[in-house]
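*Asks:* What follows is final_15.txt, compact mmCIF, C-alpha atoms.
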# COMPACT_ATOMS: atom_id res chain seq x y z
CA MET E 1075 104.04 15.01 -24.41
CA ALA E 1076 104.93 16.32 -27.87
CA SER E 1077 102.25 16.55 -30.51
CA THR E 1078 101.78 13.62 -32.87
CA LYS E 1079 101.75 14.60 -36.53
CA ILE E 1080 99.52 12.75 -39.01
CA LEU E 1081 100.89 12.80 -42.56
CA VAL E 1082 99.51 11.83 -45.97
CA PRO E 1083 100.56 8.17 -46.39
CA ASP E 1084 101.96 6.43 -49.45
CA MET E 1085 98.80 5.49 -51.35
CA GLY E 1086 100.23 4.48 -54.69
CA ASP E 1087 101.01 6.39 -57.86
CA PHE E 1088 99.35 9.76 -57.37
CA LYS E 1089 100.38 13.41 -57.26
CA ASP E 1090 98.59 16.62 -56.28
CA VAL E 1091 95.42 14.80 -55.18
CA GLU E 1092 92.53 17.08 -54.21
CA ILE E 1093 90.90 17.00 -50.77
CA ILE E 1094 87.12 16.84 -51.24
CA GLU E 1095 86.11 16.33 -47.60
CA VAL E 1096 87.54 17.06 -44.14
CA LEU E 1097 85.79 14.65 -41.79
CA VAL E 1098 87.06 15.94 -38.43
CA LYS E 1099 87.49 19.26 -36.59
CA GLU E 1100 89.89 20.80 -34.10
CA GLY E 1101 89.30 19.74 -30.49
CA GLN E 1102 87.67 16.49 -31.58
CA GLN E 1103 88.75 13.24 -29.98
CA ILE E 1104 89.51 10.56 -32.56
CA LYS E 1105 90.43 6.90 -32.46
CA LYS E 1106 92.96 4.99 -34.50
CA ASN E 1107 91.66 4.20 -38.02
CA ASP E 1108 88.99 6.93 -37.86
CA SER E 1109 88.65 8.61 -41.26
CA LEU E 1110 90.23 12.06 -41.41
CA ILE E 1111 89.91 13.29 -45.00
CA THR E 1112 88.67 12.09 -48.38
CA LEU E 1113 90.98 12.37 -51.39
CA GLU E 1114 89.79 12.21 -54.98
CA SER E 1115 91.99 11.57 -58.03
CA ASP E 1116 91.15 10.84 -61.64
CA LYS E 1117 91.05 7.16 -60.78
CA SER E 1118 89.10 6.95 -57.55
CA SER E 1119 88.32 8.49 -54.17
CA VAL E 1120 89.75 7.19 -50.91
CA GLU E 1121 89.52 8.02 -47.20
CA VAL E 1122 92.73 8.56 -45.20
CA PRO E 1123 92.55 7.01 -41.68
CA SER E 1124 94.29 8.19 -38.52
CA THR E 1125 97.35 6.26 -37.38
CA HIS E 1126 96.96 7.36 -33.74
CA GLU E 1127 94.37 8.12 -31.07
CA GLY E 1128 94.08 11.51 -29.41
CA VAL E 1129 92.59 15.00 -29.46
CA ILE E 1130 93.09 17.11 -32.58
CA GLU E 1131 95.13 20.25 -31.86
CA LYS E 1132 95.36 21.79 -35.32
CA ILE E 1133 94.17 20.90 -38.81
CA ASN E 1134 96.62 22.00 -41.48
CA ILE E 1135 94.56 21.37 -44.60
CA LYS E 1136 91.16 22.36 -46.01
CA VAL E 1137 88.76 21.26 -48.73
CA GLY E 1138 90.16 22.05 -52.17
CA ASP E 1139 93.82 21.71 -51.16
CA LYS E 1140 96.01 19.38 -53.21
CA VAL E 1141 98.34 17.12 -51.28
CA ASN E 1142 101.11 14.60 -51.83
CA LYS E 1143 102.79 11.87 -49.81
CA GLY E 1144 104.25 13.22 -46.56
CA ASP E 1145 102.17 16.39 -46.38
CA LEU E 1146 100.95 17.32 -42.90
CA ILE E 1147 97.24 16.68 -42.33
CA LEU E 1148 96.91 17.54 -38.65
CA SER E 1149 98.55 17.32 -35.25
CA LEU E 1150 97.00 15.72 -32.17
CA ASN E 1151 97.71 15.26 -28.48
CA ALA E 1152 97.37 11.66 -27.33
CA GLU E 1153 97.95 12.52 -23.66
CA SER E 1154 94.89 14.75 -23.35
CA ALA E 1155 92.51 12.29 -24.97
CA THR E 1156 91.07 10.99 -21.71
CA GLU E 1157 90.88 14.43 -20.10
CA LYS E 1158 89.20 15.88 -23.19
CA LYS E 1159 86.58 13.17 -23.15
CA LYS E 1160 85.77 13.98 -19.51
CA GLU E 1161 85.54 17.69 -20.32
CA VAL E 1162 83.18 17.03 -23.23
CA VAL E 1163 80.88 14.88 -21.08
CA SER E 1164 80.90 17.45 -18.29
CA GLU E 1165 80.20 20.32 -20.68
CA GLN E 1166 77.40 18.38 -22.34
CA LYS E 1167 75.71 17.82 -18.96
CA LYS E 1168 75.96 21.54 -18.19
CA VAL E 1169 74.37 22.43 -21.52
CA GLU E 1170 71.56 19.92 -20.97
CA LYS E 1171 70.83 21.31 -17.48
CA THR E 1172 70.78 24.88 -18.82
CA GLU E 1173 68.41 23.93 -21.66
CA ILE E 1174 66.05 22.15 -19.26
CA LYS E 1175 66.04 25.16 -16.92
CA GLU E 1176 65.30 27.54 -19.81
CA ILE E 1177 62.42 25.41 -21.05
CA LYS E 1178 60.85 25.21 -17.59
CA THR E 1179 60.97 29.00 -17.08
CA GLN E 1180 59.82 29.86 -20.60
CA LYS E 1181 56.20 30.64 -21.36
CA PRO E 1182 54.51 28.44 -24.01
CA LYS E 1183 53.76 31.38 -26.30
CA GLU E 1184 57.44 32.35 -26.29
CA ILE E 1185 58.66 28.94 -27.50
CA ILE E 1186 59.93 29.30 -31.07
CA PRO E 1187 60.46 26.04 -32.99
CA ILE E 1188 63.85 25.68 -34.58
CA ALA E 1189 63.59 24.64 -38.23
CA PRO E 1190 65.74 21.62 -39.13
CA THR E 1191 67.23 23.37 -42.13
CA SER E 1192 69.85 26.00 -42.71
CA GLN E 1193 69.17 29.38 -44.31
CA SER E 1194 69.87 27.84 -47.71
CA GLY E 1195 67.20 25.22 -47.12
CA SER E 1196 69.64 22.28 -46.84
CA LYS E 1197 69.72 19.85 -43.92
CA SER E 1198 72.30 20.31 -41.18
CA ALA E 1199 74.79 17.42 -41.17
CA SER E 1200 78.53 16.85 -41.06
CA PRO E 1201 80.47 16.01 -44.27
CA LYS E 1202 80.99 12.47 -42.96
CA VAL E 1203 77.25 11.97 -42.46
CA ARG E 1204 76.51 13.44 -45.92
CA LYS E 1205 79.01 11.03 -47.47
CA PHE E 1206 77.39 8.11 -45.64
CA ALA E 1207 73.99 9.19 -47.00
CA ARG E 1208 75.35 9.25 -50.56
CA GLU E 1209 76.89 5.80 -50.19
CA VAL E 1210 73.62 4.21 -49.06
CA GLY E 1211 71.56 6.06 -51.68
CA ALA E 1212 69.56 8.21 -49.23
CA ASN E 1213 68.42 11.79 -49.86
CA ILE E 1214 69.42 13.70 -46.72
CA LYS E 1215 66.77 16.34 -47.44
CA ASN E 1216 64.07 13.77 -46.69
CA ILE E 1217 65.53 12.68 -43.35
CA SER E 1218 64.42 14.11 -39.98
CA GLY E 1219 67.35 14.92 -37.71
CA SER E 1220 67.24 13.85 -34.07
CA GLN E 1221 69.89 16.26 -32.82
CA ARG E 1222 69.53 19.88 -31.82
CA ALA E 1223 68.28 22.17 -34.61
CA GLY E 1224 67.38 19.07 -36.63
CA ARG E 1225 70.99 18.01 -37.24
CA VAL E 1226 71.09 14.64 -39.02
CA THR E 1227 73.26 11.77 -37.74
CA GLU E 1228 74.25 8.38 -39.17
CA GLU E 1229 71.69 6.73 -36.88
CA ASP E 1230 68.97 8.97 -38.35
CA ILE E 1231 69.93 7.80 -41.84
CA LYS E 1232 69.91 4.14 -40.82
CA LYS E 1233 66.51 4.54 -39.19
CA HIS E 1234 65.16 6.33 -42.28
CA ILE E 1235 66.28 3.49 -44.56
CA LYS E 1236 64.94 0.85 -42.20
CA ASP E 1237 61.53 2.55 -42.01
CA LYS E 1238 61.45 2.90 -45.79
CA LEU E 1239 62.24 -0.76 -46.42
CA THR E 1240 59.80 -2.04 -43.82
CA SER E 1241 56.11 -2.21 -44.69
CA ASP E 1242 53.61 -0.65 -42.30
CA THR E 1243 51.67 -3.90 -42.25
CA VAL E 1244 54.60 -5.98 -41.00
CA LYS E 1245 54.34 -6.86 -37.32
CA LYS E 1246 56.86 -5.43 -34.90
CA GLU E 1247 58.15 -8.90 -34.11
CA THR E 1248 59.33 -9.38 -37.69
CA GLN E 1249 61.13 -6.04 -37.67
CA LYS E 1250 63.72 -7.18 -35.13
CA LYS E 1251 67.20 -7.64 -36.49
CA TYR E 1252 68.09 -11.30 -36.85
CA LYS E 1253 71.13 -12.47 -34.96
CA ASP E 1254 72.67 -15.93 -35.07
CA GLU E 1255 72.29 -17.80 -31.83
CA TYR E 1256 75.83 -19.14 -32.12
CA ASP E 1257 78.93 -17.43 -33.46
CA HIS E 1258 80.52 -18.95 -36.59
CA ALA E 1259 83.79 -19.53 -34.74
CA GLU E 1260 82.10 -21.99 -32.39
CA PHE E 1261 81.89 -24.53 -35.23
CA GLY E 1262 85.41 -24.29 -36.58
CA LYS E 1263 88.17 -22.08 -37.86
CA VAL E 1264 87.03 -18.85 -39.55
CA GLU E 1265 88.61 -15.75 -41.06
CA VAL E 1266 86.97 -12.32 -40.82
CA LYS E 1267 87.76 -9.70 -43.47
CA ASP E 1268 86.45 -6.28 -44.40
CA ILE E 1269 84.00 -6.16 -47.30
CA PRO E 1270 85.91 -4.86 -50.38
CA ARG E 1271 85.31 -1.17 -51.06
CA VAL E 1272 83.65 -1.74 -54.47
CA LYS E 1273 81.20 -4.27 -53.04
CA ARG E 1274 80.56 -2.09 -49.99
CA LEU E 1275 79.59 0.83 -52.22
CA SER E 1276 77.49 -1.22 -54.66
CA GLY E 1277 75.58 -3.10 -51.94
CA PRO E 1278 73.16 -0.29 -51.02
CA GLN E 1279 72.50 0.36 -54.71
CA LEU E 1280 71.50 -3.28 -55.20
CA VAL E 1281 69.24 -3.18 -52.12
CA ARG E 1282 67.62 -0.02 -53.41
CA SER E 1283 67.03 -1.59 -56.82
CA TRP E 1284 65.60 -4.86 -55.50
CA THR E 1285 63.29 -3.21 -52.95
CA GLU E 1286 62.07 -0.21 -54.97
CA ILE E 1287 61.75 -1.64 -58.50
CA PRO E 1288 59.11 -4.28 -59.33
CA HIS E 1289 61.36 -6.69 -61.23
CA VAL E 1290 60.04 -9.07 -63.87
CA THR E 1291 62.44 -11.35 -65.76
CA GLN E 1292 61.74 -12.80 -69.21
CA HIS E 1293 63.81 -15.83 -70.24
CA ASP E 1294 64.32 -16.80 -73.86
CA GLU E 1295 66.64 -18.60 -76.29
CA ILE E 1296 68.00 -16.96 -79.43
CA ASP E 1297 69.27 -18.89 -82.45
CA ILE E 1298 72.73 -17.45 -83.24
CA THR E 1299 73.94 -20.18 -85.60
CA GLU E 1300 74.38 -17.86 -88.59
CA MET E 1301 75.86 -15.13 -86.43
CA GLU E 1302 78.55 -17.46 -85.08
CA ILE E 1303 79.41 -18.69 -88.58
CA PHE E 1304 79.72 -15.09 -89.73
CA ARG E 1305 81.72 -14.02 -86.65
CA LYS E 1306 84.26 -16.83 -87.01
CA SER E 1307 84.70 -16.15 -90.73
CA LEU E 1308 85.79 -12.51 -90.29
CA ARG E 1309 89.29 -11.85 -91.69
CA ASP E 1310 91.39 -8.82 -92.45
CA VAL E 1311 91.02 -7.82 -96.12
CA PHE E 1312 94.72 -7.03 -96.54
CA THR E 1313 96.53 -9.57 -94.35
CA GLY E 1314 94.02 -12.39 -94.35
CA GLU E 1315 94.42 -12.76 -90.61
CA LYS E 1316 91.40 -13.70 -88.53
CA ILE E 1317 89.63 -10.80 -86.78
CA ALA E 1318 88.80 -11.65 -83.17
CA ILE E 1319 85.38 -10.19 -82.30
CA THR E 1320 83.68 -11.02 -79.01
CA PRO E 1321 80.03 -12.16 -79.31
CA LEU E 1322 79.16 -9.41 -76.83
CA ALA E 1323 79.87 -6.82 -79.54
CA PHE E 1324 77.14 -8.33 -81.75
CA ILE E 1325 74.74 -8.49 -78.80
CA THR E 1326 75.45 -4.84 -78.02
CA ARG E 1327 74.61 -3.77 -81.57
CA ALA E 1328 71.39 -5.78 -81.39
CA VAL E 1329 70.44 -4.12 -78.06
CA VAL E 1330 70.93 -0.64 -79.55
CA ASN E 1331 68.71 -1.56 -82.50
CA ALA E 1332 66.02 -2.75 -80.09
CA LEU E 1333 66.30 0.40 -77.96
CA LYS E 1334 65.60 2.51 -81.06
CA THR E 1335 62.43 0.52 -81.71
CA TYR E 1336 61.29 0.31 -78.08
CA PRO E 1337 62.23 3.66 -76.41
CA ASN E 1338 60.62 2.70 -73.07
CA PHE E 1339 63.71 0.58 -72.42
CA ASN E 1340 65.91 3.67 -72.83
CA SER E 1341 64.24 5.74 -70.14
CA SER E 1342 64.29 6.59 -66.42
CA ILE E 1343 61.44 7.16 -63.96
CA ASP E 1344 61.19 10.04 -61.50
CA THR E 1345 58.68 8.82 -58.92
CA GLU E 1346 58.59 12.16 -57.08
CA SER E 1347 57.50 14.18 -60.13
CA ASN E 1348 55.71 11.26 -61.84
CA LYS E 1349 57.65 11.90 -65.05
CA ILE E 1350 59.62 9.74 -67.47
CA THR E 1351 62.89 10.83 -69.09
CA TYR E 1352 63.43 9.36 -72.56
CA LYS E 1353 67.12 9.31 -73.49
CA LYS E 1354 68.13 10.17 -77.04
CA TYR E 1355 71.63 8.78 -76.55
CA PHE E 1356 72.73 5.13 -76.51
CA HIS E 1357 75.29 4.51 -73.74
CA ILE E 1358 75.46 0.79 -72.94
CA GLY E 1359 76.72 -0.47 -69.58
CA PHE E 1360 78.64 -3.72 -69.11
CA ALA E 1361 79.08 -5.76 -65.94
CA VAL E 1362 82.84 -6.29 -65.60
CA ASP E 1363 84.15 -8.93 -63.20
CA THR E 1364 87.32 -7.64 -61.49
CA PRO E 1365 89.43 -8.76 -58.50
CA HIS E 1366 88.02 -5.73 -56.67
CA GLY E 1367 84.38 -6.58 -57.31
CA LEU E 1368 81.75 -6.09 -60.01
CA MET E 1369 81.92 -2.80 -61.94
CA VAL E 1370 79.48 -1.45 -64.53
CA PRO E 1371 81.19 1.09 -66.83
CA LYS E 1372 79.48 2.60 -69.89
CA ILE E 1373 80.48 2.72 -73.55
CA ARG E 1374 79.22 5.98 -75.04
CA ASN E 1375 77.38 6.51 -78.34
CA VAL E 1376 77.45 2.86 -79.35
CA GLU E 1377 75.09 3.54 -82.28
CA THR E 1378 77.98 5.30 -84.08
CA MET E 1379 80.36 2.33 -83.79
CA GLY E 1380 80.99 -0.67 -85.98
CA ILE E 1381 81.27 -4.18 -84.59
CA LYS E 1382 85.08 -4.14 -84.39
CA LYS E 1383 85.09 -0.75 -82.66
CA ILE E 1384 82.59 -1.99 -80.07
CA SER E 1385 84.73 -5.08 -79.44
CA ASP E 1386 87.87 -2.95 -79.01
CA GLU E 1387 86.09 -0.59 -76.59
CA LEU E 1388 84.87 -3.53 -74.51
CA ARG E 1389 88.43 -4.79 -74.05
CA LYS E 1390 89.76 -1.30 -73.33
CA VAL E 1391 87.14 -0.46 -70.69
CA SER E 1392 87.45 -3.87 -69.02
CA LYS E 1393 91.21 -3.40 -68.69
CA LEU E 1394 90.78 0.06 -67.13
CA CYS E 1395 88.35 -1.38 -64.57
CA ARG E 1396 90.66 -4.20 -63.56
CA GLU E 1397 93.52 -1.72 -63.11
CA LEU E 1398 91.29 0.79 -61.24
CA LYS E 1399 92.18 3.48 -63.77
CA ILE E 1400 88.68 4.28 -65.02
CA ASP E 1401 87.04 7.63 -64.24
CA LYS E 1402 84.12 7.25 -61.82
CA LYS E 1403 81.91 9.33 -64.14
CA GLU E 1404 81.97 6.41 -66.58
CA PHE E 1405 79.77 4.43 -64.17
CA PHE E 1406 76.87 6.85 -64.65
CA GLY E 1407 74.57 7.98 -67.46
CA GLY E 1408 73.67 4.65 -69.05
CA SER E 1409 70.82 3.60 -71.31
CA MET E 1410 70.76 -0.10 -70.47
CA THR E 1411 73.15 -2.67 -69.00
CA ILE E 1412 74.31 -6.05 -70.31
CA SER E 1413 75.52 -8.68 -67.84
CA SER E 1414 77.23 -11.56 -69.64
CA LEU E 1415 78.22 -14.85 -68.01
CA GLY E 1416 79.02 -16.43 -71.37
CA GLY E 1417 82.73 -16.66 -70.63
CA ILE E 1418 82.10 -18.49 -67.37
CA GLY E 1419 79.08 -20.71 -67.92
CA GLY E 1420 75.46 -21.12 -66.95
CA ASN E 1421 72.23 -20.48 -68.81
CA PHE E 1422 69.52 -18.35 -67.17
CA PHE E 1423 69.63 -16.08 -64.13
CA THR E 1424 67.86 -13.00 -62.73
CA PRO E 1425 70.00 -9.88 -63.24
CA ILE E 1426 69.20 -6.90 -60.99
CA ILE E 1427 68.37 -3.61 -62.72
CA ASN E 1428 70.96 -0.84 -62.34
CA PRO E 1429 69.01 2.34 -61.37
CA PRO E 1430 68.13 4.79 -62.78
CA GLU E 1431 67.94 2.44 -65.78
CA VAL E 1432 64.76 0.41 -66.25
CA ALA E 1433 66.10 -2.80 -67.81
CA ILE E 1434 69.10 -5.12 -67.90
CA LEU E 1435 69.93 -8.00 -70.24
CA GLY E 1436 71.52 -11.13 -68.80
CA VAL E 1437 73.42 -13.34 -71.26
CA GLY E 1438 74.38 -16.96 -70.59
CA LYS E 1439 76.74 -19.33 -72.36
CA ALA E 1440 75.73 -20.43 -75.86
CA PHE E 1441 74.99 -24.14 -76.27
CA ASP E 1442 74.13 -26.65 -79.00
CA LYS E 1443 70.52 -27.70 -79.33
CA ILE E 1444 68.90 -30.24 -81.62
CA SER E 1445 66.01 -28.65 -83.52
CA ARG E 1446 63.60 -29.95 -86.11
CA ILE E 1447 63.51 -27.70 -89.19
CA ASP E 1448 61.71 -28.62 -92.41
CA GLY E 1449 61.33 -32.17 -91.18
CA LYS E 1450 65.03 -32.59 -90.43
CA PHE E 1451 66.82 -32.73 -87.09
CA ILE E 1452 69.81 -30.39 -87.07
CA ILE E 1453 72.10 -28.86 -84.45
CA ARG E 1454 71.67 -25.13 -83.84
CA LYS E 1455 73.68 -22.77 -81.65
CA MET E 1456 71.40 -21.18 -79.03
CA LEU E 1457 72.03 -18.17 -76.79
CA PRO E 1458 70.14 -18.07 -73.45
CA ILE E 1459 69.04 -14.57 -72.40
CA SER E 1460 67.33 -13.18 -69.29
CA LEU E 1461 65.71 -9.76 -69.61
CA SER E 1462 64.83 -8.06 -66.30
CA TYR E 1463 62.64 -4.96 -66.60
CA ASP E 1464 60.82 -2.40 -64.48
CA HIS E 1465 57.15 -3.36 -64.62
CA ARG E 1466 56.09 0.21 -63.81
CA ILE E 1467 57.01 1.33 -67.33
CA ILE E 1468 57.45 -1.91 -69.33
CA ASP E 1469 54.80 -4.61 -69.61
CA GLY E 1470 55.22 -8.27 -70.48
CA ALA E 1471 54.08 -7.94 -74.10
CA GLU E 1472 56.62 -5.21 -74.83
CA ALA E 1473 59.37 -7.23 -73.15
CA ALA E 1474 58.51 -10.24 -75.29
CA ARG E 1475 58.64 -8.11 -78.44
CA PHE E 1476 62.02 -6.73 -77.33
CA CYS E 1477 63.39 -10.29 -77.04
CA VAL E 1478 61.97 -11.22 -80.45
CA HIS E 1479 63.64 -8.14 -81.93
CA LEU E 1480 66.98 -9.23 -80.42
CA GLY E 1481 66.50 -12.67 -81.97
CA GLN E 1482 65.91 -11.14 -85.39
CA SER E 1483 68.95 -8.88 -85.16
CA LEU E 1484 71.19 -11.77 -84.11
CA GLY E 1485 69.59 -14.23 -86.49
CA GLU E 1486 68.97 -14.30 -90.20
CA ASP E 1487 68.35 -10.53 -90.44
CA PHE E 1488 72.10 -9.97 -90.00
CA ALA E 1489 71.70 -6.45 -88.67
CA PHE E 1490 75.11 -6.95 -87.09
CA LYS E 1491 76.81 -7.04 -90.50
CA LEU E 1492 76.75 -3.25 -90.74
CA ALA E 1493 80.11 -1.45 -90.53
CA VAL E 1494 82.32 -4.31 -89.36
Would you give me this structure, written as structure tokens?

*Replies:*
Amino acid sequence: MASTKILVPDMGDFKDVEIIEVLVKEGQQIKKNDSLITLESDKSSVEVPSTHEGVIEKINIKVGDKVNKGDLILSLNAESATEKKKEVVSEQKKVEKTEIKEIKTQKPKEIIPIAPTSQSGSKSASPKVRKFAREVGANIKNISGSQRAGRVTEEDIKKHIKDKLTSDTVKKETQKKYKDEYDHAEFGKVEVKDIPRVKRLSGPQLVRSWTEIPHVTQHDEIDITEMEIFRKSLRDVFTGEKIAITPLAFITRAVVNALKTYPNFNSSIDTESNKITYKKYFHIGFAVDTPHGLMVPKIRNVETMGIKKISDELRKVSKLCRELKIDKKEFFGGSMTISSLGGIGGNFFTPIINPPEVAILGVGKAFDKISRIDGKFIIRKMLPISLSYDHRIIDGAEAARFCVHLGQSLGEDFAFKLAV
């Protein structure tokens, strides 16, 4: 049977995309849809799956190569897949028998332990396993490998994470994986789909945050009556046209002002070295709702921007996220994140901190509230906020002061008036 050639498929508008990982090797038996290589462009990274099953004869690419649609990735022999599998099993049994025989005939003093690290001190693991470790937020250096010479597998990583998330005091009975007694399909029609890539990648990060960070959430209401009057009155000096500024731009400016006053909120904790990094920059993250899932890009150096510039940047970055054109580096290096549900609805919620940040501000939808001021009942515009913070570095009193500071910046202090 002639060799089957696997080519780079049509994956959209890209050219000269770099190969950052080769996930297979020659002689390996692969199945259909197994990942072969990882490509990385300016927009995103993506794995290329196999379209056939068989044994790899020759790999025609390497890490660092740049490829385009139709380029040859590898060739494989589908006919020898079954035979190859039998050979591998047979060879593995021979190796195991030889190892057992050597161990039995070897004197105890001659046994030399094999260190589970390479000469460079890094753990032994395949590129695919290393990628899996990065996706789930695990440090492969801290994982004990179960294979020969301490080689780490995906199962080792899963076990490491499970052990880390499970308390030593929990009984073994509670550690068993829960499984539904009845399948969903037994109760009616269902549809099973793959979890979207963005949500699949962000899931482990959320689990890490919720399990490792002691979250505390402070809820408050901020009077933004004057701010809303001011925001709606903004007009172009020359044309007289109304200037559309999102309320989130004002909130962002207020958050930066508060970060300057309370630097603990603009920090990150290194639990291994017991040190705190205080950031001198002000890069604010924003939770952007897209058809692909939730994304949290950053806007850099917000303290240098006026209100209109912040508003323009918010629209620009949101558009890039929805079109999947944003550079992945823009999801890192933040000071603090703002998650706003104001355009959808709802008041208070518990936003999850985005590590390595130590705080996140949740913003609800503004509402009218009757208040008594100077003996009179008047309607005021109130903004519900939910501030989640890492209790290891921020205490309740400081969080309360942070919220009060936000209220002052968005209230009668008019700190947001600067550089419109």

*Asks:* Would you mind telling me which residue in E:Gln1102, E:Ser1413, E:Thr1320, E:Ser1385 lies nearest to Phe1360 (chain E) when using only C-alpha atoms?

*Replies:* E:Ser1413

*Asks:* Would you kindly return, as a compact mmCIF listing (two decimals) with C-alpha atoms, in the coordinates of the input, each protein, DNA or RNA residue with an atom no farther than 6 Å from any atom of region 1125-1130 of chain E, considering all atoms listed in the file and excluding same-chain residues fewer than 3 positions away?

*Replies:*
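Everything below was put into out39.txt:
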# COMPACT_ATOMS: atom_id res chain seq x y z
CA GLU E 1100 89.89 20.80 -34.10
CA GLY E 1101 89.30 19.74 -30.49
CA GLN E 1102 87.67 16.49 -31.58
CA GLN E 1103 88.75 13.24 -29.98
CA ILE E 1104 89.51 10.56 -32.56
CA LYS E 1105 90.43 6.90 -32.46
CA LYS E 1106 92.96 4.99 -34.50
CA LEU E 1150 97.00 15.72 -32.17
CA ASN E 1151 97.71 15.26 -28.48
CA ALA E 1152 97.37 11.66 -27.33
CA ALA E 1155 92.51 12.29 -24.97

*Asks:* Using all atoms listed in the file, collect all residues at a distance of at most 9 Å from (106.8, 9.3, -47.0) as written in the file, then present them as a PyMOL selection string.

*Replies:* chain E and resi 1081-1084+1143-1145

*Asks:* Write the residues of the preceding selection, restricted to C-alpha atoms, as a compact mmCIF listing (two decimals), in the frame of the given file.

*Replies:*
# COMPACT_ATOMS: atom_id res chain seq x y z
CA LEU E 1081 100.89 12.80 -42.56
CA VAL E 1082 99.51 11.83 -45.97
CA PRO E 1083 100.56 8.17 -46.39
CA ASP E 1084 101.96 6.43 -49.45
CA LYS E 1143 102.79 11.87 -49.81
CA GLY E 1144 104.25 13.22 -46.56
CA ASP E 1145 102.17 16.39 -46.38

*Asks:* Would you kindly identify which residues have an atom no farther than 12 Å from (68.6, 13.7, -37.1), using all atoms listed in the file and the file's own coordinates, and write them out as a PyMOL selection string?

*Replies:* chain E and resi 1190-1191+1197-1200+1203-1204+1214-1234

*Asks:* Within 9 Å of Ile1287 (chain E), counting only C-alpha atoms, which residues qualify if same-chain residues fewer than 3 places away don't, as a list in words?

*Replies:* Arg1282, Ser1283, Trp1284, Ile1427, Pro1429, Val1432, Tyr1463, Asp1464, His1465 and Arg1466 of chain E

*Asks:* Would you pick out the contacts of region 1109-1111 of chain E at 12 Å or less, using only C-alpha atoms, so that residues sharing its chain but fewer than 4 positions from it are not included, and give the list as a PyMOL selection string?

*Replies:* chain E and resi 1080-1083+1091-1100+1102-1105+1119-1127+1130+1133-1141+1146-1149+1201-1203+1205

*Asks:* Give me a file of those residues, with C-alpha atoms, as a short mmCIF file (atom, residue, chain, number, x, y, z; two decimals), in the coordinates of the input.

*Replies:*
data_model
loop_
_atom_site.label_atom_id
_atom_site.label_comp_id
_atom_site.auth_asym_id
_atom_site.auth_seq_id
_atom_site.Cartn_x
_atom_site.Cartn_y
_atom_site.Cartn_z
CA ILE E 1080 99.52 12.75 -39.01
CA LEU E 1081 100.89 12.80 -42.56
CA VAL E 1082 99.51 11.83 -45.97
CA PRO E 1083 100.56 8.17 -46.39
CA VAL E 1091 95.42 14.80 -55.18
CA GLU E 1092 92.53 17.08 -54.21
CA ILE E 1093 90.90 17.00 -50.77
CA ILE E 1094 87.12 16.84 -51.24
CA GLU E 1095 86.11 16.33 -47.60
CA VAL E 1096 87.54 17.06 -44.14
CA LEU E 1097 85.79 14.65 -41.79
CA VAL E 1098 87.06 15.94 -38.43
CA LYS E 1099 87.49 19.26 -36.59
CA GLU E 1100 89.89 20.80 -34.10
CA GLN E 1102 87.67 16.49 -31.58
CA GLN E 1103 88.75 13.24 -29.98
CA ILE E 1104 89.51 10.56 -32.56
CA LYS E 1105 90.43 6.90 -32.46
CA SER E 1119 88.32 8.49 -54.17
CA VAL E 1120 89.75 7.19 -50.91
CA GLU E 1121 89.52 8.02 -47.20
CA VAL E 1122 92.73 8.56 -45.20
CA PRO E 1123 92.55 7.01 -41.68
CA SER E 1124 94.29 8.19 -38.52
CA THR E 1125 97.35 6.26 -37.38
CA HIS E 1126 96.96 7.36 -33.74
CA GLU E 1127 94.37 8.12 -31.07
CA ILE E 1130 93.09 17.11 -32.58
CA ILE E 1133 94.17 20.90 -38.81
CA ASN E 1134 96.62 22.00 -41.48
CA ILE E 1135 94.56 21.37 -44.60
CA LYS E 1136 91.16 22.36 -46.01
CA VAL E 1137 88.76 21.26 -48.73
CA GLY E 1138 90.16 22.05 -52.17
CA ASP E 1139 93.82 21.71 -51.16
CA LYS E 1140 96.01 19.38 -53.21
CA VAL E 1141 98.34 17.12 -51.28
CA LEU E 1146 100.95 17.32 -42.90
CA ILE E 1147 97.24 16.68 -42.33
CA LEU E 1148 96.91 17.54 -38.65
CA SER E 1149 98.55 17.32 -35.25
CA PRO E 1201 80.47 16.01 -44.27
CA LYS E 1202 80.99 12.47 -42.96
CA VAL E 1203 77.25 11.97 -42.46
CA LYS E 1205 79.01 11.03 -47.47
#

*Asks:* Tell me, in Å to one decimal, how far CA of Gly1416 (chain E) is from CA of Leu1457 (chain E).

*Replies:*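 Interatomic distance here is 9.0 Å.
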
*Asks:* Name the residues in contact with Arg1454 (chain E) at a cut-off of 6 Å, using all atoms listed in the file, excluding same-chain residues fewer than 3 positions from it; report them as a PDB file with C-alpha atoms, in the coordinates of the input.

*Replies:*
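Written out: around.pdb:
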ATOM      1  CA  THR E1299      73.940 -20.180 -85.600  1.00  0.00           C
ATOM      2  CA  ASP E1442      74.130 -26.650 -79.000  1.00  0.00           C
ATOM      3  CA  LYS E1443      70.520 -27.700 -79.330  1.00  0.00           C
TER       4      LYS E1443
END

*Asks:* Between E:Lys1353, E:His1293, E:Arg1305, E:Lys1383, single out the one closest to Gly1438 (chain E), counting only C-alpha atoms.

*Replies:*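 Nearest to Gly1438 (chain E): E:His1293.
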
*Asks:* May I have the residues within 12 Å of Ala1433 (chain E) as number ranges by chain, using all atoms listed in the file and disregarding those fewer than 3 positions away in the same chain?

*Replies:* E: 1283, 1287-1292, 1329, 1333, 1336-1343, 1358-1359, 1408-1413, 1424-1430, 1436, 1460-1469, 1473, 1476

*Asks:* From the set E:Asp1363, E:Glu1397, E:Glu1302, E:Glu1431, which residue has the shortest atom-to-atom contact distance to Leu1484 (chain E), counting all atoms listed in the file?

*Replies:*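 Closest candidate: E:Glu1302.
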